[in-house]
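Peer 1: As input, take input-v9.cif (mmCIF, C-alpha atoms and all ligand atoms):
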data_coords
loop_
_atom_site.label_atom_id
_atom_site.label_comp_id
_atom_site.auth_asym_id
_atom_site.auth_seq_id
_atom_site.Cartn_x
_atom_site.Cartn_y
_atom_site.Cartn_z
CA MET A 46 54.77 188.05 192.24
CA PHE A 47 56.86 186.58 195.01
CA ILE A 48 60.06 188.02 193.58
CA LEU A 49 58.50 191.43 193.04
CA ARG A 50 57.37 191.57 196.61
CA VAL A 51 60.81 190.63 197.89
CA LEU A 52 62.42 193.25 195.67
CA ILE A 53 60.03 195.93 196.88
CA ARG A 54 60.58 194.97 200.51
CA ASN A 55 64.31 195.02 199.99
CA ASN A 56 64.14 198.50 198.46
CA ILE A 57 61.96 199.82 201.26
CA SER A 58 64.31 198.56 203.96
CA TYR A 59 67.19 200.07 202.01
CA SER A 60 65.58 203.52 201.86
CA LEU A 61 64.54 203.31 205.52
CA HIS A 62 68.10 202.56 206.37
CA LYS A 63 69.32 205.50 204.28
CA ARG A 64 66.91 207.84 206.06
CA LYS A 65 68.17 206.62 209.45
CA ILE A 66 71.71 207.27 208.39
CA ILE A 67 70.79 210.76 207.24
CA GLN A 68 69.06 211.40 210.57
CA GLN A 69 72.17 210.28 212.38
CA TRP A 70 74.14 212.97 210.54
CA PRO A 71 71.94 216.04 210.99
CA CYS A 72 74.55 218.66 210.08
CA ILE A 73 75.78 216.88 207.01
CA ASN A 74 73.46 216.16 204.07
CA LYS A 75 75.33 213.07 202.93
CA PRO A 76 76.61 210.17 204.99
CA PRO A 77 80.32 209.53 204.64
CA PRO A 78 80.93 208.16 201.13
CA SER A 79 82.63 204.97 202.27
CA GLN A 80 79.62 203.80 204.32
CA GLN A 81 77.15 204.63 201.56
CA GLN A 82 79.14 202.62 199.07
CA GLN A 83 79.21 199.71 201.46
CA GLN A 84 75.42 199.87 201.88
CA ARG A 85 74.86 200.04 198.12
CA SER A 86 77.08 197.12 197.29
CA LEU A 87 75.56 195.01 200.07
CA SER A 88 72.10 195.78 198.78
CA SER A 89 72.89 194.95 195.17
CA TRP A 90 74.46 191.68 196.25
CA GLY A 91 71.24 190.90 198.10
CA THR A 92 69.16 191.73 195.05
CA ALA A 93 71.32 189.60 192.81
CA PHE A 94 71.02 186.71 195.23
CA LEU A 95 67.26 187.09 195.38
CA ILE A 96 67.02 187.02 191.59
CA VAL A 97 69.28 183.99 191.27
CA ALA A 98 67.46 182.06 193.99
CA GLY A 99 64.04 183.65 193.61
CA VAL A 100 63.43 183.00 189.92
CA PRO A 101 63.85 179.22 190.15
CA ALA A 102 61.94 179.17 193.44
CA GLY A 103 59.10 181.10 191.84
CA LEU A 104 59.00 178.83 188.81
CA TYR A 105 59.05 175.79 191.05
CA LEU A 106 56.17 177.11 193.11
CA TYR A 107 54.33 177.77 189.86
CA LYS A 108 54.92 174.18 188.74
CA CYS A 109 53.59 172.82 192.04
CA ILE A 110 50.45 174.96 191.80
CA MET A 111 49.86 173.82 188.20
CA LEU A 112 50.28 170.17 189.19
CA VAL A 113 47.61 170.60 191.84
CA LEU A 114 45.22 172.61 189.64
CA PHE A 115 45.54 170.26 186.65
CA GLN A 116 45.51 166.98 188.57
CA ASN A 117 42.36 165.83 186.75
CA LYS A 118 44.18 166.22 183.44
CA LEU A 119 47.07 164.12 184.77
CA ILE A 120 44.94 161.39 186.32
CA TYR A 121 42.26 161.05 183.62
CA MET A 122 43.97 161.08 180.23
CA GLY A 123 41.12 160.35 177.85
CA TYR A 124 42.85 162.61 175.33
CA ILE A 125 45.83 160.19 175.07
CA PRO A 126 46.73 158.74 172.59
CA PRO A 127 45.71 161.64 170.31
CA GLY A 128 42.37 161.01 168.63
CA SER A 129 41.04 158.80 171.44
CA ARG A 130 38.15 161.14 172.08
CA HIS A 131 35.25 160.59 169.69
CA GLU A 132 37.11 157.97 167.66
CA GLN A 133 34.85 156.27 165.10
CA CYS A 134 34.42 152.54 165.38
CA THR A 135 34.90 151.52 161.75
CA PRO A 136 34.51 147.85 160.65
CA ASP A 137 38.26 147.48 160.03
CA LYS A 138 38.88 147.97 163.77
CA ILE A 139 36.63 145.07 164.76
CA PRO A 140 38.24 141.60 164.99
CA SER A 141 36.35 139.41 162.52
CA ASN A 142 35.07 136.89 165.08
CA LEU A 143 33.51 139.48 167.39
CA ASN A 144 29.93 140.70 167.36
CA ILE A 145 30.10 144.28 168.57
CA THR A 146 27.05 146.45 169.26
CA GLU A 147 27.31 150.12 170.16
CA GLN A 148 25.55 151.07 173.37
CA THR A 149 24.68 154.40 174.99
CA ILE A 150 23.85 154.79 178.67
CA GLN A 151 22.33 157.93 180.13
CA THR A 152 23.40 158.99 183.64
CA PRO A 153 21.13 160.80 186.13
CA ASP A 154 23.25 163.93 185.68
CA ARG A 155 22.69 163.82 181.91
CA LYS A 156 25.95 162.48 180.61
CA GLN A 157 25.89 160.17 177.59
CA LEU A 158 28.17 157.19 178.09
CA LYS A 159 29.13 155.40 174.90
CA GLY A 160 30.65 152.01 174.47
CA PHE A 161 30.12 148.50 173.25
CA VAL A 162 28.52 145.19 174.06
CA VAL A 163 30.90 142.52 172.81
CA GLU A 164 30.23 138.84 172.14
CA ARG A 165 31.65 136.10 170.00
CA LYS A 166 29.85 135.70 166.69
CA GLN A 167 27.42 132.85 166.93
CA ASN A 168 28.30 129.76 165.00
CA GLY A 169 25.42 127.33 165.01
CA ASN A 170 22.93 127.93 167.81
CA THR A 171 25.14 127.33 170.85
CA PHE A 172 23.89 130.41 172.70
CA SER A 173 20.51 130.88 171.07
CA MET A 174 17.54 131.84 173.20
CA THR A 175 15.26 128.90 172.60
CA GLN A 176 12.56 127.87 175.00
CA ASP A 177 13.76 124.36 175.75
CA LEU A 178 15.09 123.99 179.28
CA PRO A 179 18.75 122.99 178.86
CA SER A 180 19.35 125.95 176.59
CA GLN A 181 17.70 128.38 179.00
CA GLN A 182 19.82 127.02 181.82
CA GLU A 183 22.81 127.53 179.63
CA GLU A 184 21.72 131.09 178.95
CA GLN A 185 21.42 131.79 182.66
CA ARG A 186 24.96 130.61 183.24
CA ARG A 187 26.52 132.90 180.66
CA PRO A 188 28.69 135.44 182.44
CA ILE A 189 28.40 139.17 181.89
CA ILE A 190 31.75 140.89 182.31
CA ILE A 191 31.70 144.64 182.97
CA TYR A 192 35.05 146.07 181.93
CA PHE A 193 36.38 149.27 183.56
CA GLN A 194 39.29 150.69 181.58
CA GLY A 195 42.52 152.34 182.69
CA ASN A 196 43.15 156.08 182.52
CA ALA A 197 43.95 156.48 178.81
CA GLY A 198 42.46 155.60 175.44
CA ASN A 199 39.00 154.24 174.74
CA MET A 200 37.19 150.90 174.38
CA ILE A 201 38.08 150.49 170.69
CA HIS A 202 41.71 150.08 171.85
CA ARG A 203 40.59 147.13 173.99
CA PHE A 204 39.00 145.00 171.26
CA ASP A 205 42.03 142.70 171.04
CA LEU A 206 41.91 142.24 174.79
CA PHE A 207 38.18 141.45 174.61
CA ASN A 208 38.93 138.95 171.88
CA LYS A 209 41.39 137.14 174.19
CA MET A 210 38.92 137.26 177.07
CA LEU A 211 36.26 135.71 174.86
CA GLN A 212 38.67 132.98 173.82
CA ALA A 213 38.96 132.16 177.54
CA VAL A 214 35.23 132.45 178.25
CA PRO A 215 33.49 132.07 174.85
CA GLU A 216 29.94 132.28 176.18
CA ALA A 217 30.49 135.61 177.99
CA THR A 218 29.15 139.04 177.10
CA ILE A 219 31.55 141.91 177.74
CA ILE A 220 30.14 145.34 178.48
CA GLY A 221 32.80 147.99 177.81
CA ILE A 222 31.42 151.49 178.31
CA CYS A 223 33.70 154.53 178.41
CA PRO A 224 33.19 156.67 181.51
CA ARG A 225 32.71 160.40 181.14
CA GLY A 226 35.66 162.18 179.56
CA PHE A 227 36.79 159.06 177.69
CA GLY A 228 36.12 157.91 174.13
CA SER A 229 32.84 159.21 172.73
CA SER A 230 31.24 159.70 176.15
CA SER A 231 30.35 163.27 177.05
CA GLY A 232 31.46 165.25 180.09
CA ARG A 233 34.68 165.56 182.01
CA SER A 234 36.26 162.94 184.21
CA SER A 235 36.28 163.26 187.99
CA GLU A 236 36.27 160.79 190.86
CA ARG A 237 32.61 161.45 191.70
CA GLY A 238 31.66 161.36 188.01
CA LEU A 239 33.32 158.01 187.40
CA GLU A 240 31.57 156.61 190.48
CA ILE A 241 28.19 157.66 189.10
CA ASP A 242 29.08 156.14 185.72
CA ALA A 243 30.11 152.83 187.27
CA GLN A 244 26.83 152.65 189.17
CA CYS A 245 24.87 153.31 185.95
CA ILE A 246 26.79 150.67 184.01
CA LEU A 247 26.17 148.10 186.75
CA HIS A 248 22.49 149.04 186.72
CA TYR A 249 22.37 148.59 182.95
CA ALA A 250 24.04 145.15 183.17
CA SER A 251 21.82 143.94 185.99
CA SER A 252 18.45 145.23 184.86
CA SER A 253 18.42 145.83 181.09
CA SER A 254 15.94 143.62 179.26
CA ALA A 255 18.80 142.76 176.90
CA PHE A 256 20.21 140.36 179.49
CA ASP A 257 18.59 137.51 181.39
CA ILE A 258 18.40 138.65 185.02
CA HIS A 259 19.85 135.36 186.25
CA ARG A 260 23.13 135.76 184.43
CA PRO A 261 26.16 136.03 186.73
CA ILE A 262 27.97 139.35 186.63
CA TYR A 263 31.74 139.74 186.86
CA ILE A 264 33.51 143.06 187.17
CA TYR A 265 36.91 143.55 185.57
CA GLY A 266 39.04 146.59 186.37
CA HIS A 267 42.42 147.47 184.94
CA SER A 268 44.63 150.12 186.60
CA LEU A 269 42.37 153.15 187.34
CA GLY A 270 39.44 150.89 186.44
CA GLY A 271 40.44 148.64 189.35
CA GLY A 272 39.91 151.59 191.71
CA VAL A 273 36.53 152.22 190.07
CA ALA A 274 35.57 148.54 190.43
CA ILE A 275 36.65 148.32 194.09
CA GLY A 276 34.75 151.53 194.88
CA LEU A 277 31.63 150.21 193.15
CA LEU A 278 31.65 146.86 194.96
CA ALA A 279 32.48 148.39 198.34
CA LYS A 280 29.41 150.65 197.98
CA ASN A 281 27.06 147.91 196.81
CA VAL A 282 27.70 145.28 199.45
CA ASN A 283 24.02 144.34 199.56
CA GLN A 284 23.80 143.78 195.82
CA GLN A 285 26.78 141.55 195.73
CA GLN A 286 24.86 138.30 195.29
CA ARG A 287 24.38 139.19 191.62
CA ILE A 288 28.10 139.80 191.30
CA HIS A 289 30.00 136.55 191.29
CA GLY A 290 33.52 137.83 191.11
CA LEU A 291 35.93 140.71 190.63
CA ILE A 292 39.01 140.65 188.42
CA LEU A 293 41.71 143.21 189.18
CA GLU A 294 44.60 143.78 186.80
CA ASN A 295 47.58 145.93 187.83
CA THR A 296 45.66 148.41 189.94
CA TYR A 297 47.04 150.69 192.65
CA THR A 298 46.42 151.06 196.39
CA SER A 299 45.54 154.80 196.08
CA ILE A 300 46.37 157.89 194.02
CA LEU A 301 48.47 159.25 196.91
CA ASP A 302 50.54 156.06 196.91
CA MET A 303 51.02 156.50 193.15
CA VAL A 304 52.30 160.06 193.72
CA LYS A 305 54.76 158.67 196.29
CA THR A 306 55.85 156.08 193.71
CA LEU A 307 56.29 158.62 190.92
CA TYR A 308 58.13 161.23 192.99
CA PRO A 309 60.92 160.35 195.46
CA ARG A 310 60.66 161.25 199.11
CA TYR A 311 63.03 164.22 198.99
CA THR A 312 60.71 166.10 196.61
CA PRO A 313 57.79 168.08 198.07
CA TYR A 314 55.19 166.41 195.83
CA PRO A 315 54.07 163.63 198.21
CA LEU A 316 53.55 166.23 200.94
CA ILE A 317 51.67 168.58 198.58
CA ALA A 318 49.57 165.64 197.35
CA LYS A 319 48.67 164.72 200.92
CA TYR A 320 46.85 168.02 201.36
CA PHE A 321 45.85 169.07 197.85
CA LEU A 322 44.68 165.92 196.08
CA TRP A 323 40.97 165.77 195.41
CA ASN A 324 41.18 162.43 193.61
CA HIS A 325 41.80 159.56 195.99
CA TRP A 326 40.57 156.15 194.76
CA PRO A 327 41.49 154.69 198.16
CA SER A 328 41.32 151.02 197.16
CA LEU A 329 43.46 149.75 200.04
CA THR A 330 41.04 151.15 202.62
CA ARG A 331 37.99 149.75 200.77
CA ILE A 332 38.97 146.33 199.51
CA HIS A 333 38.12 144.41 202.71
CA LYS A 334 34.44 145.42 202.33
CA ILE A 335 34.14 143.32 199.20
CA LYS A 336 32.36 140.02 199.73
CA THR A 337 32.91 138.40 196.34
CA PRO A 338 35.95 136.37 195.29
CA ILE A 339 38.72 138.33 193.59
CA LEU A 340 41.18 137.27 190.92
CA PHE A 341 44.34 139.40 191.13
CA LEU A 342 46.33 139.60 187.88
CA SER A 343 49.73 141.12 188.58
CA SER A 344 52.52 141.93 186.11
CA GLU A 345 55.86 141.57 187.84
CA LYS A 346 57.49 143.91 185.31
CA ASP A 347 54.81 146.61 185.63
CA GLU A 348 56.62 149.86 184.83
CA ILE A 349 53.77 152.14 185.95
CA VAL A 350 52.13 150.60 189.02
CA PRO A 351 54.70 148.72 191.14
CA ALA A 352 53.69 145.09 191.67
CA GLU A 353 53.77 145.62 195.45
CA HIS A 354 50.52 147.61 195.18
CA MET A 355 48.74 144.46 193.98
CA GLN A 356 50.48 142.45 196.70
CA LYS A 357 49.26 144.85 199.41
CA LEU A 358 45.69 144.75 198.09
CA TYR A 359 45.84 140.96 197.96
CA ASN A 360 47.22 140.63 201.51
CA LYS A 361 44.61 142.99 202.96
CA PHE A 362 41.76 141.26 201.14
CA MET A 363 42.85 137.75 202.06
CA THR A 364 43.28 138.57 205.75
CA MET A 365 40.31 140.90 206.31
CA SER A 366 37.44 140.24 203.93
CA GLY A 367 36.54 136.73 205.04
CA CYS A 368 36.08 135.91 201.38
CA SER A 369 39.41 134.40 200.52
CA ASP A 370 37.67 131.26 199.25
CA GLY A 371 37.87 131.23 195.46
CA SER A 372 40.20 134.25 195.40
CA ARG A 373 43.72 134.02 194.11
CA MET A 374 46.68 135.96 192.81
CA VAL A 375 48.23 135.08 189.47
CA LYS A 376 51.63 136.64 188.75
CA PHE A 377 52.93 137.26 185.25
CA PRO A 378 56.74 137.41 185.38
CA ARG A 379 57.28 138.70 181.83
CA SER A 380 54.43 141.21 181.44
CA THR A 381 54.28 144.98 181.91
CA HIS A 382 51.38 147.29 182.80
CA MET A 383 49.22 146.81 179.71
CA ASP A 384 50.30 143.66 177.93
CA ILE A 385 49.48 140.54 179.97
CA TYR A 386 46.97 139.38 177.35
CA GLN A 387 49.63 139.65 174.64
CA VAL A 388 52.85 138.58 176.38
CA GLU A 389 51.47 135.77 178.51
CA SER A 390 48.19 135.12 176.79
CA VAL A 391 47.99 131.40 177.54
CA ALA A 392 48.40 131.94 181.30
CA PHE A 393 46.04 134.93 181.13
CA LYS A 394 43.27 132.99 179.42
CA SER A 395 43.72 130.03 181.72
CA ALA A 396 43.49 132.22 184.85
CA LEU A 397 40.35 133.94 183.60
CA HIS A 398 38.72 130.71 182.45
CA THR A 399 39.40 128.90 185.73
CA PHE A 400 38.23 131.78 187.92
CA ILE A 401 34.94 132.30 186.09
CA ASN A 402 34.29 128.59 185.74
CA ASP A 403 34.90 127.95 189.46
CA ASN A 404 32.68 130.80 190.63
CA ASN A 405 29.89 130.02 188.19
CA ASN A 406 29.83 126.42 189.41
CA LYS A 407 29.90 127.43 193.04
CA VAL A 408 26.76 129.49 192.66
CA ILE A 409 24.98 126.80 190.68
CA ASP A 410 25.76 124.40 193.54
CA LYS A 411 24.23 126.82 196.06
CA GLN A 412 20.99 127.11 194.09
C1 LIG B 1 25.09 139.87 167.23
O1 LIG B 1 24.43 140.30 168.41
C2 LIG B 1 23.08 140.67 168.22
C3 LIG B 1 22.57 141.24 169.52
O2 LIG B 1 22.88 140.41 170.59
C4 LIG B 1 22.30 139.46 167.73
O3 LIG B 1 20.96 139.83 167.50
C5 LIG B 1 22.93 138.95 166.44
O4 LIG B 1 22.29 137.75 166.04
C6 LIG B 1 24.41 138.66 166.63
N1 LIG B 1 25.02 138.33 165.38
C7 LIG B 1 25.91 137.35 165.23
C8 LIG B 1 26.45 137.13 163.86
O5 LIG B 1 26.31 136.68 166.16
#
Would you mind writing the structure in this file as structure tokens?

Peer 2:
Amino acid sequence: MFILRVLIRNNISYSLHKRKIIQQWPCINKPPPSQQQQQRSLSSWGTAFLIVAGVPAGLYLYKCIMLVLFQNKLIYMGYIPPGSRHEQCTPDKIPSNLNITEQTIQTPDRKQLKGFVVERKQNGNTFSMTQDLPSQQEEQRRPIIIYFQGNAGNMIHRFDLFNKMLQAVPEATIIGICPRGFGSSSGRSSERGLEIDAQCILHYASSSSAFDIHRPIYIYGHSLGGGVAIGLLAKNVNQQQRIHGLILENTYTSILDMVKTLYPRYTPYPLIAKYFLWNHWPSLTRIHKIKTPILFLSSEKDEIVPAEHMQKLYNKFMTMSGCSDGSRMVKFPRSTHMDIYQVESVAFKSALHTFINDNNNKVIDKQ
């Protein structure tokens, strides 16, 4: 389009020019041959230049427009790895010591969110719901961990992680529900959509008859899920007494900051993103509103989200939230974006165990 228009304009100015020349030579029909040749060769040089420069420029413009239009596809990649959407949870995918129940949650805008409630298999009656007092007290201390996933794959891919988490906190229940556009959940992902989903999942965890209403809730967010978790807690400041802690693993300060990380400054992408992003997840400008302790889990070798994003979130939270008590940052020097629980599993389990234990006890002391 752009090139066509330039070519047309170029042709028009050329013919205008020719007419002027003809007018300047009223008695002769043709301008002197030498000048005409000069005009022609100048014009064809111009056209050649426009094609050489214009084609790449046009393609580049096209690429920029596509990046903007398809940003949801680049930010929410529920279709990666292939087969992640509507993957069946067959028994061979379930670690043998986990008790996994499928769960569907309906949102107010009629999306079906599918996922799992994950516990350790009961051996003996350690966590049984009997009526005698010590056991009920025990039941009311069992943490519920809501897990918000990163921007690819589904919850089946997280079963090994859940297994490690339950080794650290054996009495916990993990609620892993795929937001819209991921796994077997319906709909398409968007920032607003994921916010609605997070609110519904929190509502399910805090008011379903399946769970004792005294049980402490923890929210765990990895990568994009960290942005979802921070957004959820920042919006529900009044409800935060039910939520005893937040765990953030390798999450970013905002989508715009991620664009700046992915594309160097001399490219136009950061500038384009500044005006044309409609997905923000502005965690850095929200995190100070959170009034529950936070455990920051940061991989120093993160190849996707630079570790400084976690550092910035940590610094802002510790200086501005007034809730630094019980919060801490644990750094994993050998881990990358997704593999803390595999590469440094002992340190991972210990960090999780200590954080949840400390914050459970603190609340019991208050009561
Ligand atoms: C699995 O979980 C369900 C629902 O919480 C429970 O009824 C069942 O007893 C559990 N099974 C085992 C083997 O732990």

Peer 1: Produce as a CSV table (one decimal) with C-alpha atoms, in the coordinates of the input the set of residues near ligand LIG 1 (chain B), where near means within 8 Å with all atoms listed in the file considered.

Peer 2:
chain,number,residue,atom,x,y,z
A,143,LEU,CA,33.5,139.5,167.4
A,144,ASN,CA,29.9,140.7,167.4
A,145,ILE,CA,30.1,144.3,168.6
A,146,THR,CA,27.0,146.4,169.3
A,164,GLU,CA,30.2,138.8,172.1
A,165,ARG,CA,31.6,136.1,170.0
A,166,LYS,CA,29.8,135.7,166.7
A,167,GLN,CA,27.4,132.8,166.9
A,168,ASN,CA,28.3,129.8,165.0
A,255,ALA,CA,18.8,142.8,176.9

Peer 1: Which polymer residues have any atom within 12 Å of an atom of His248 in chain A, counting all atoms listed in the file, with same-chain residues fewer than 3 positions away left out, as a PyMOL selection string?

Peer 2: chain A and resi 150-153+191+220+241-245+251-254+256+258+262+277+281+284+287-288

Peer 1: CA of Val375 in chain A to CA of His354 in chain A: how many Å, to one decimal?

Peer 2: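 Rounded to one decimal, the two atoms are 14.0 Å apart.
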
Peer 1: Show which residues sit within 8 Å of His325 in chain A, as a VMD selection string. Count all atoms listed in the file, and ignore same-chain residues fewer than 3 positions away.

Peer 2: chain A and resid 236 299 to 301 322

Peer 1: What separation in Å, quoted to one decimal, exists between CA of Tyr121 in chain A and CA of Ser235 in chain A?

Peer 2: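 Taking CA of Tyr121 in chain A and CA of Ser235 in chain A, their separation equals 7.7 Å.
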
Peer 1: Using CA of Lys108 in chain A and CA of Thr312 in chain A as the two end points, give the distance in Å to one decimal.

Peer 2: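 If I compute the distance from CA of Lys108 in chain A to CA of Thr312 in chain A, I get 12.7 Å.
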
Peer 1: Taking only C-alpha atoms into account, which of A:Ile317, A:Ala352, A:Ile190, A:Ile332 comes nearest Met111 in chain A?

Peer 2: A:Ile317

Peer 1: Range 387-402 of chain A: which residues within 8 Å, counting only C-alpha atoms, same-chain residues fewer than 2 positions away excluded, as JSON, numbers by chain?

Peer 2: {"A": [188, 209, 210, 212, 213, 214, 290, 340, 371, 375, 377, 379, 380, 384, 385, 404, 405, 406]}
